[in-house]
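Chemist: One structure coming up, written as structure tokens, with questions to follow.
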Amino acid sequence: MHSVRIASGSAFWGDMLEPAVELIEKGDVQYVGFDHLAELTMAILNRTKAKDPKAGYIPDIVPWMQRLLPLARARGVRLVTNAGGANPRQAALEVGRVASSLDIGTLKIGVVEGDDILGKVDALRAQGWKFQNLDTGEDDLGAIRDRLVAANAYIGADVIREHLAGGADVVITGRASDNALYVGPVMHELGWDYGDVDRVGAAITVGHIIECAGCVTGGMSNLWKISERPWAMGFPIAEVWQNGDAVIEKPPGSGGVLDEWTVKEHLIYEVHDPASYLMPDGVADFTALRLAADGPGRVRVTGMKGKPRPSTLKVCFGYRDGFIGEGLAFFPWPDALAKAEWAARWVKERLAICGVQCRELRVDLVGVDMLHGELAPRVDRDFNEVGIRVAGRTRTADEADAIRREVTHLWNSGPLGSCFGVPLKVRPVVALWPSLVPREAVPVTGEILEVG
Amino acid sequence: MKVTLHELAFARSGDKGDVCNVGVMAKSRRIHEHLVRALTIERVRAHFGAMVQGAIEAYPLDNLDSINFVLRGALGGGATKTLRFDQTGKAMATAMLRLELDVPAELVEEARRVTSALGLR
């Protein structure tokens, strides 16, 4: 039976490069997908592009393609990435430059554009589209209209498939959903179309299982203790058959751990209703499928189901919403906990004296309750060291900086042994407004550039 | 006998905006069947207290012996805005595993056998 082998080479901007090299060299794969985007990443890239029209893509794509293109070309492996971010065309031009500098012959680069709808928001609102906030129910986008910095729709695999059919060696998209980077090649290679809802559901499910790369091969895992050579973890490969069944595995000899538990861990990761996992290419139902071990490091997935693709796409608006100032300081034995509590109060009193207005202020005790908050049981012991983390949200950058500065004052004014490392930078807050947009309002376009 | 959920299940959490989901994967079918009855939305709400401000939903996945809990208003405003150090709710799964349940001793034994067989002790 005809099948396709597809792998995941990146889960976020800043992921490791070596596992992607290993996938191409030893994974016997036809496609590698690379996700580099997150909600915050899109906001950062949009800001970067506003300052420089030639920026706004993931800059890592240049060194990554330098390393991966010769390996991929030698083996006929095709690469699909959303590293285009807020500027897929510029990213494609940069990759073209890299390709020209390498001795790899002609390269076809498919660009996918159209996810950026910031320029259409006013027209759509005038037509009566409300853009209700899916999280809060608010429906007055007007209240944040002049603070909008990004509006990107999560687009599907349509044009990725067209580019692959057109012979693209590399496909570069903007805010395509992470999932579409995998659904596109699977649908293209196996000749599936959108009417085939269970098979598309299978492609979406498989994409979901592998799209966060190392998160299904031992990363973030309950099984971290038994992950083999976790520093050399392999990234996941899916083989998908014509009948809609799949096997998840990783390159031979790679580290990490992949079994029914890690696949399960990832199936429920960042999911709401598991019977309706909404993606631009369809809706997957995770409640019918079966997992079975298929030899060491291999898991078979069968019985995957789907429903037709929705008439709307998710759109994520980002808008400016003040600043965050933060600081860290640490206190040694003796009396480490008492010193930290003393310092927490000290910073709050200082902020009051300086008249700093915070919209919200938070002080955590590092090593005591920073991660579990009030769920962390109070422990009374002779700590070797305890830290404080102070963070505050403010209207202005100056107020945020004052928070950072007051924490640094503990250096000279805190209890015996007070330490801190390098002060943290004030960061602007881009708040998010998730909503829906009609599919037909987001025409996705593409072009294949040929270089070399 | 009284044990933490950590004895009985694995868990993983993640974020979408200010919504955190915690998947609870029981260490056996019988434990899952018990958790579907015992690990109610009310228990989870009481456990998280003020850490979760909005609604809580529970979605059982009987095919995976798992329950997916969706916690709304759970991340202090969402990754880009929250003052929590755990911006994306990765540690929420471990916070869930602190929850204490009263379960038959044989289920605890069964969970311990699974944990040991995996080499996690």
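Following the order of the structure tokens, chains are lettered A, B, ..., residues in each are numbered from 1, and ligands are numbered from 1.
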At a cut-off of 6 Å, which residues of chain A touch chain B? Count only C-alpha atoms and give the answer as a VMD selection string.
Modeler: chain A and resid 268 270 287 372 391 429 431
Chemist: Those residues with N, CA and C atoms, as a PDB file, in the first residue's frame please?
Modeler:
```pdb
ATOM      1  N   ILE A 268      -3.200  14.622  23.906  1.00  0.00           N
ATOM      2  CA  ILE A 268      -4.043  15.491  24.730  1.00  0.00           C
ATOM      3  C   ILE A 268      -3.391  16.862  24.984  1.00  0.00           C
ATOM      4  N   GLU A 270      -2.524  20.602  24.508  1.00  0.00           N
ATOM      5  CA  GLU A 270      -3.103  21.821  23.933  1.00  0.00           C
ATOM      6  C   GLU A 270      -4.356  21.527  23.095  1.00  0.00           C
ATOM      7  N   THR A 287     -11.359  10.711  19.816  1.00  0.00           N
ATOM      8  CA  THR A 287     -11.968   9.817  20.805  1.00  0.00           C
ATOM      9  C   THR A 287     -12.267   8.419  20.254  1.00  0.00           C
ATOM     10  N   HIS A 372       3.761  26.476  41.714  1.00  0.00           N
ATOM     11  CA  HIS A 372       2.457  25.925  42.099  1.00  0.00           C
ATOM     12  C   HIS A 372       1.620  26.894  42.921  1.00  0.00           C
ATOM     13  N   ALA A 391       7.246  40.686  39.607  1.00  0.00           N
ATOM     14  CA  ALA A 391       6.813  41.057  38.259  1.00  0.00           C
ATOM     15  C   ALA A 391       5.597  41.958  38.370  1.00  0.00           C
ATOM     16  N   VAL A 429       3.920  44.470  26.459  1.00  0.00           N
ATOM     17  CA  VAL A 429       2.908  43.402  26.441  1.00  0.00           C
ATOM     18  C   VAL A 429       2.104  43.496  25.146  1.00  0.00           C
ATOM     19  N   ALA A 431      -1.152  41.908  24.049  1.00  0.00           N
ATOM     20  CA  ALA A 431      -2.263  41.065  24.486  1.00  0.00           C
ATOM     21  C   ALA A 431      -2.937  40.463  23.258  1.00  0.00           C
TER      22      ALA A 431
END
```
Chemist: Please provide the set of residues having any atom within 8 Å of stretch 323-327 of chain A, restricted to only C-alpha atoms, with same-chain residues fewer than 5 positions apart removed, written as a list of chain:residue names.
Modeler: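 With the cut-off at 8 Å, the set is A:Arg389, A:Val390, A:Ala391, A:Gly392, A:Arg393, A:Thr394, A:Arg395, A:Thr396, A:Ala397, A:Glu399, A:Ala400, A:Asp401, A:Ala402, A:Ile403, A:Arg404, A:Arg405, A:Val407, A:Thr408, A:Pro423, A:Leu424, A:Lys425, A:Val426, A:Arg427, A:Pro428, A:Val429, B:Leu83.
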Chemist: How would the residues just picked look written out with N, CA and C atoms as an mmCIF file, in the first residue's frame?
Modeler:
```cif
data_model
loop_
_atom_site.group_PDB
_atom_site.id
_atom_site.type_symbol
_atom_site.label_atom_id
_atom_site.label_comp_id
_atom_site.auth_asym_id
_atom_site.auth_seq_id
_atom_site.Cartn_x
_atom_site.Cartn_y
_atom_site.Cartn_z
ATOM 1 N N ARG A 389 10.980 36.476 42.950
ATOM 2 C CA ARG A 389 10.743 36.998 41.607
ATOM 3 C C ARG A 389 9.613 38.001 41.717
ATOM 4 N N VAL A 390 9.904 39.214 41.276
ATOM 5 C CA VAL A 390 8.926 40.286 41.322
ATOM 6 C C VAL A 390 8.533 40.596 39.882
ATOM 7 N N ALA A 391 7.246 40.686 39.607
ATOM 8 C CA ALA A 391 6.813 41.057 38.259
ATOM 9 C C ALA A 391 5.597 41.958 38.370
ATOM 10 N N GLY A 392 5.578 43.013 37.583
ATOM 11 C CA GLY A 392 4.441 43.932 37.609
ATOM 12 C C GLY A 392 4.060 44.380 36.215
ATOM 13 N N ARG A 393 2.757 44.527 36.004
ATOM 14 C CA ARG A 393 2.248 45.045 34.741
ATOM 15 C C ARG A 393 1.877 46.506 34.929
ATOM 16 N N THR A 394 2.348 47.365 34.018
ATOM 17 C CA THR A 394 2.150 48.811 34.160
ATOM 18 C C THR A 394 1.655 49.412 32.860
ATOM 19 N N ARG A 395 1.222 50.690 32.933
ATOM 20 C CA ARG A 395 0.796 51.366 31.705
ATOM 21 C C ARG A 395 2.006 51.842 30.913
ATOM 22 N N THR A 396 3.036 52.325 31.631
ATOM 23 C CA THR A 396 4.171 52.918 30.919
ATOM 24 C C THR A 396 5.435 52.090 31.112
ATOM 25 N N ALA A 397 6.373 52.278 30.174
ATOM 26 C CA ALA A 397 7.662 51.587 30.249
ATOM 27 C C ALA A 397 8.465 52.086 31.450
ATOM 28 N N GLU A 399 7.342 53.059 34.394
ATOM 29 C CA GLU A 399 6.865 52.406 35.619
ATOM 30 C C GLU A 399 7.371 50.963 35.686
ATOM 31 N N ALA A 400 7.386 50.301 34.542
ATOM 32 C CA ALA A 400 7.882 48.923 34.514
ATOM 33 C C ALA A 400 9.361 48.906 34.874
ATOM 34 N N ASP A 401 10.088 49.889 34.381
ATOM 35 C CA ASP A 401 11.516 49.941 34.678
ATOM 36 C C ASP A 401 11.768 50.207 36.158
ATOM 37 N N ALA A 402 10.851 50.948 36.777
ATOM 38 C CA ALA A 402 11.004 51.229 38.212
ATOM 39 C C ALA A 402 10.922 49.931 39.022
ATOM 40 N N ILE A 403 10.105 48.998 38.585
ATOM 41 C CA ILE A 403 9.986 47.712 39.283
ATOM 42 C C ILE A 403 11.321 46.972 39.206
ATOM 43 N N ARG A 404 11.828 46.894 38.001
ATOM 44 C CA ARG A 404 13.130 46.251 37.789
ATOM 45 C C ARG A 404 14.197 46.907 38.673
ATOM 46 N N ARG A 405 14.156 48.249 38.705
ATOM 47 C CA ARG A 405 15.204 48.987 39.432
ATOM 48 C C ARG A 405 15.110 48.734 40.937
ATOM 49 N N VAL A 407 14.153 46.133 42.499
ATOM 50 C CA VAL A 407 14.701 44.813 42.837
ATOM 51 C C VAL A 407 16.226 44.891 42.859
ATOM 52 N N THR A 408 16.798 45.631 41.907
ATOM 53 C CA THR A 408 18.271 45.724 41.886
ATOM 54 C C THR A 408 18.793 46.485 43.115
ATOM 55 N N PRO A 423 20.378 42.099 35.450
ATOM 56 C CA PRO A 423 18.990 42.596 35.495
ATOM 57 C C PRO A 423 18.229 42.254 34.220
ATOM 58 N N LEU A 424 16.908 42.029 34.387
ATOM 59 C CA LEU A 424 16.068 41.668 33.245
ATOM 60 C C LEU A 424 15.581 42.931 32.540
ATOM 61 N N LYS A 425 15.273 42.801 31.268
ATOM 62 C CA LYS A 425 14.793 43.953 30.490
ATOM 63 C C LYS A 425 13.288 44.124 30.636
ATOM 64 N N VAL A 426 12.837 45.373 30.584
ATOM 65 C CA VAL A 426 11.402 45.654 30.523
ATOM 66 C C VAL A 426 10.884 45.137 29.175
ATOM 67 N N ARG A 427 9.686 44.521 29.189
ATOM 68 C CA ARG A 427 9.148 44.055 27.889
ATOM 69 C C ARG A 427 7.735 44.589 27.648
ATOM 70 N N PRO A 428 7.461 44.964 26.391
ATOM 71 C CA PRO A 428 6.114 45.420 26.063
ATOM 72 C C PRO A 428 5.150 44.234 26.043
ATOM 73 N N VAL A 429 3.920 44.470 26.459
ATOM 74 C CA VAL A 429 2.908 43.402 26.441
ATOM 75 C C VAL A 429 2.104 43.496 25.146
ATOM 76 N N LEU B 83 1.702 37.496 34.683
ATOM 77 C CA LEU B 83 2.862 37.769 35.537
ATOM 78 C C LEU B 83 3.419 36.475 36.129
#
```
Chemist: Which of these residues is nearest to B:Ile41, using only C-alpha atoms: B:Ala55, B:Ala105, B:Gly76, B:Glu7?
Modeler: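 Among the listed residues, the smallest separation from B:Ile41 belongs to B:Ala55.
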Chemist: Quote the spacing between atom CA of A:Gly114 and atom CA of A:Asn87 in Å to one decimal place.
Modeler: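 Going from atom CA of A:Gly114 over to atom CA of A:Asn87 covers 10.4 Å.
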Chemist: DSSP on the backbone: what in stretch 321-362 of chain A comes out alpha helix (DSSP H), as a list of chain:residue names?
Modeler: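 Put together, the selection reads A:Ala336, A:Leu337, A:Ala338, A:Lys339, A:Ala340, A:Glu341, A:Trp342, A:Ala343, A:Ala344, A:Arg345, A:Trp346, A:Val347, A:Lys348, A:Glu349, A:Arg350, A:Leu351, A:Ala352, A:Ile353.
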Chemist: Can I get the selected residues back with C-alpha atoms, as a PDB file, in the first residue's frame?
Modeler:
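After the write, selection03.pdb holds the following:
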```
ATOM      1  CA  ALA A 336      17.182  32.215  53.526  1.00  0.00           C
ATOM      2  CA  LEU A 337      13.377  32.046  53.582  1.00  0.00           C
ATOM      3  CA  ALA A 338      13.045  34.852  56.131  1.00  0.00           C
ATOM      4  CA  LYS A 339      15.379  37.011  54.072  1.00  0.00           C
ATOM      5  CA  ALA A 340      13.340  36.409  50.904  1.00  0.00           C
ATOM      6  CA  GLU A 341      10.100  37.321  52.666  1.00  0.00           C
ATOM      7  CA  TRP A 342      11.747  40.419  54.108  1.00  0.00           C
ATOM      8  CA  ALA A 343      12.920  41.403  50.595  1.00  0.00           C
ATOM      9  CA  ALA A 344       9.475  40.830  49.092  1.00  0.00           C
ATOM     10  CA  ARG A 345       7.996  43.314  51.537  1.00  0.00           C
ATOM     11  CA  TRP A 346      10.924  45.708  51.039  1.00  0.00           C
ATOM     12  CA  VAL A 347      10.286  45.939  47.291  1.00  0.00           C
ATOM     13  CA  LYS A 348       6.539  46.525  47.782  1.00  0.00           C
ATOM     14  CA  GLU A 349       7.189  49.316  50.316  1.00  0.00           C
ATOM     15  CA  ARG A 350       9.748  50.922  47.998  1.00  0.00           C
ATOM     16  CA  LEU A 351       7.295  50.879  45.075  1.00  0.00           C
ATOM     17  CA  ALA A 352       4.777  52.639  47.326  1.00  0.00           C
ATOM     18  CA  ILE A 353       7.330  55.285  48.342  1.00  0.00           C
TER      19      ILE A 353
END
```
Chemist: Hey, can you check how far atom CA of B:Leu5 sits from atom CA of B:Leu97?
Modeler: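 Calculated distance between atom CA of B:Leu5 and atom CA of B:Leu97 is 4.8 Å.
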Chemist: Would you list the contacts of A:Glu385 as JSON, numbers by chain, taking every protein, DNA or RNA residue within 12 Å and counting only C-alpha atoms, but skipping same-chain residues closer than 2 positions in sequence?
Modeler: {"A": [329, 330, 331, 332, 333, 334, 335, 336, 337, 338, 339, 340, 365, 366, 367, 368, 381, 382, 383, 387, 388, 417, 418, 419]}
Chemist: How would the residues just chosen look if you wrote them out with C-alpha atoms as a PDB file, in the first residue's frame?
Modeler:
```pdb
ATOM      1  CA  ALA A 329      17.097  38.239  43.641  1.00  0.00           C
ATOM      2  CA  PHE A 330      18.436  35.352  45.737  1.00  0.00           C
ATOM      3  CA  PHE A 331      19.224  34.956  49.420  1.00  0.00           C
ATOM      4  CA  PRO A 332      21.548  32.427  51.081  1.00  0.00           C
ATOM      5  CA  TRP A 333      21.576  30.482  54.331  1.00  0.00           C
ATOM      6  CA  PRO A 334      21.269  31.363  57.185  1.00  0.00           C
ATOM      7  CA  ASP A 335      17.574  32.330  57.333  1.00  0.00           C
ATOM      8  CA  ALA A 336      17.182  32.215  53.526  1.00  0.00           C
ATOM      9  CA  LEU A 337      13.377  32.046  53.582  1.00  0.00           C
ATOM     10  CA  ALA A 338      13.045  34.852  56.131  1.00  0.00           C
ATOM     11  CA  LYS A 339      15.379  37.011  54.072  1.00  0.00           C
ATOM     12  CA  ALA A 340      13.340  36.409  50.904  1.00  0.00           C
ATOM     13  CA  LEU A 365       9.313  32.839  46.361  1.00  0.00           C
ATOM     14  CA  VAL A 366      11.659  30.926  44.068  1.00  0.00           C
ATOM     15  CA  GLY A 367      12.172  27.403  45.387  1.00  0.00           C
ATOM     16  CA  VAL A 368       9.051  27.634  47.524  1.00  0.00           C
ATOM     17  CA  ARG A 381      12.970  23.917  56.665  1.00  0.00           C
ATOM     18  CA  ASP A 382      16.438  25.345  56.738  1.00  0.00           C
ATOM     19  CA  PHE A 383      16.730  26.266  53.028  1.00  0.00           C
ATOM     20  CA  GLY A 387      14.844  33.669  45.690  1.00  0.00           C
ATOM     21  CA  ILE A 388      12.201  36.245  44.987  1.00  0.00           C
ATOM     22  CA  GLY A 417      24.293  37.842  51.218  1.00  0.00           C
ATOM     23  CA  SER A 418      21.653  39.258  48.806  1.00  0.00           C
ATOM     24  CA  CYS A 419      22.547  38.355  45.212  1.00  0.00           C
TER      25      CYS A 419
END
```
Chemist: Find the spatial neighbours of A:Ile160, counting only C-alpha atoms, within a cut-off of 8 Å - ignore same-chain residues fewer than 2 positions away - and output them as JSON, numbers by chain.
Modeler: {"A": [110, 112, 157, 158, 162, 163, 164, 171, 181, 184, 185]}
Chemist: Do you know which residues are at most 8 Å from A:Trp64 counting only C-alpha atoms, after dropping those on the same chain fewer than 4 positions away, and could you put them as a compact mmCIF listing (two decimals) with N, CA and C atoms, in the first residue's frame?
Modeler:
```txt
# COMPACT_ATOMS: atom_id res chain seq x y z
N LEU A 17 18.71 22.31 16.05
CA LEU A 17 18.87 22.00 14.62
C LEU A 17 19.30 20.55 14.37
N ASP A 60 16.39 32.60 11.83
CA ASP A 60 17.09 31.30 11.87
C ASP A 60 17.00 30.54 10.56
N LEU A 68 20.71 22.61 5.98
CA LEU A 68 19.79 21.53 5.60
C LEU A 68 19.62 21.34 4.10
```
Chemist: Would you return as a PyMOL selection string the members of stretch 1-117 of chain B that DSSP assigns to strand (DSSP E or B) on this structure's backbone?
Modeler: chain B and resi 2-4+9-16+19-26+56-61+66-71+100-102
Chemist: Taking 6 positions as the minimum chain separation for residues in the same chain, which residues sit within 9 Å of A:Ile172 when counting only C-alpha atoms? Answer as a list in words.
Modeler: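 Near neighbours after the sequence-gap exclusion: Leu79, Val80, Thr81, Asn82, Ala83, Gly84, Gly85, Pro88, Arg89, Ala91, Ala92, Ile109, Gly110, Val111, Val112, Glu113 and Ile160 of chain A.
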Chemist: For those residues, write C-alpha atoms to a file as a tab-separated table (two decimals), in the first residue's frame.
Modeler:
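Output (part.tsv):
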```
chain	number	residue	atom	x	y	z
A	79	LEU	CA	10.97	21.02	3.40
A	80	VAL	CA	7.79	22.81	4.53
A	81	THR	CA	8.14	25.66	7.00
A	82	ASN	CA	6.13	28.53	8.45
A	83	ALA	CA	9.34	30.49	9.12
A	84	GLY	CA	7.98	33.14	6.73
A	85	GLY	CA	6.16	34.55	9.77
A	88	PRO	CA	7.10	34.92	3.81
A	89	ARG	CA	8.18	36.53	0.53
A	91	ALA	CA	12.07	34.74	3.76
A	92	ALA	CA	11.84	33.02	0.36
A	109	ILE	CA	10.68	27.73	-3.48
A	110	GLY	CA	6.93	27.99	-2.95
A	111	VAL	CA	5.71	31.10	-1.10
A	112	VAL	CA	2.34	31.07	0.66
A	113	GLU	CA	0.79	34.46	1.52
A	160	ILE	CA	1.00	24.09	0.30
```
Chemist: Just want the 6 Å neighbourhood of A:Asp285, counted on only C-alpha atoms, with same-chain residues fewer than 3 positions away dropped. Output as a ChimeraX atom specification.
Modeler: /A:275-276,305-306
Chemist: Please report the interatomic distance between atom CA of A:Asp146 and atom CA of A:Ala126 in Å with one decimal.
Modeler: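 If I compute the distance from atom CA of A:Asp146 to atom CA of A:Ala126, I get 15.8 Å.
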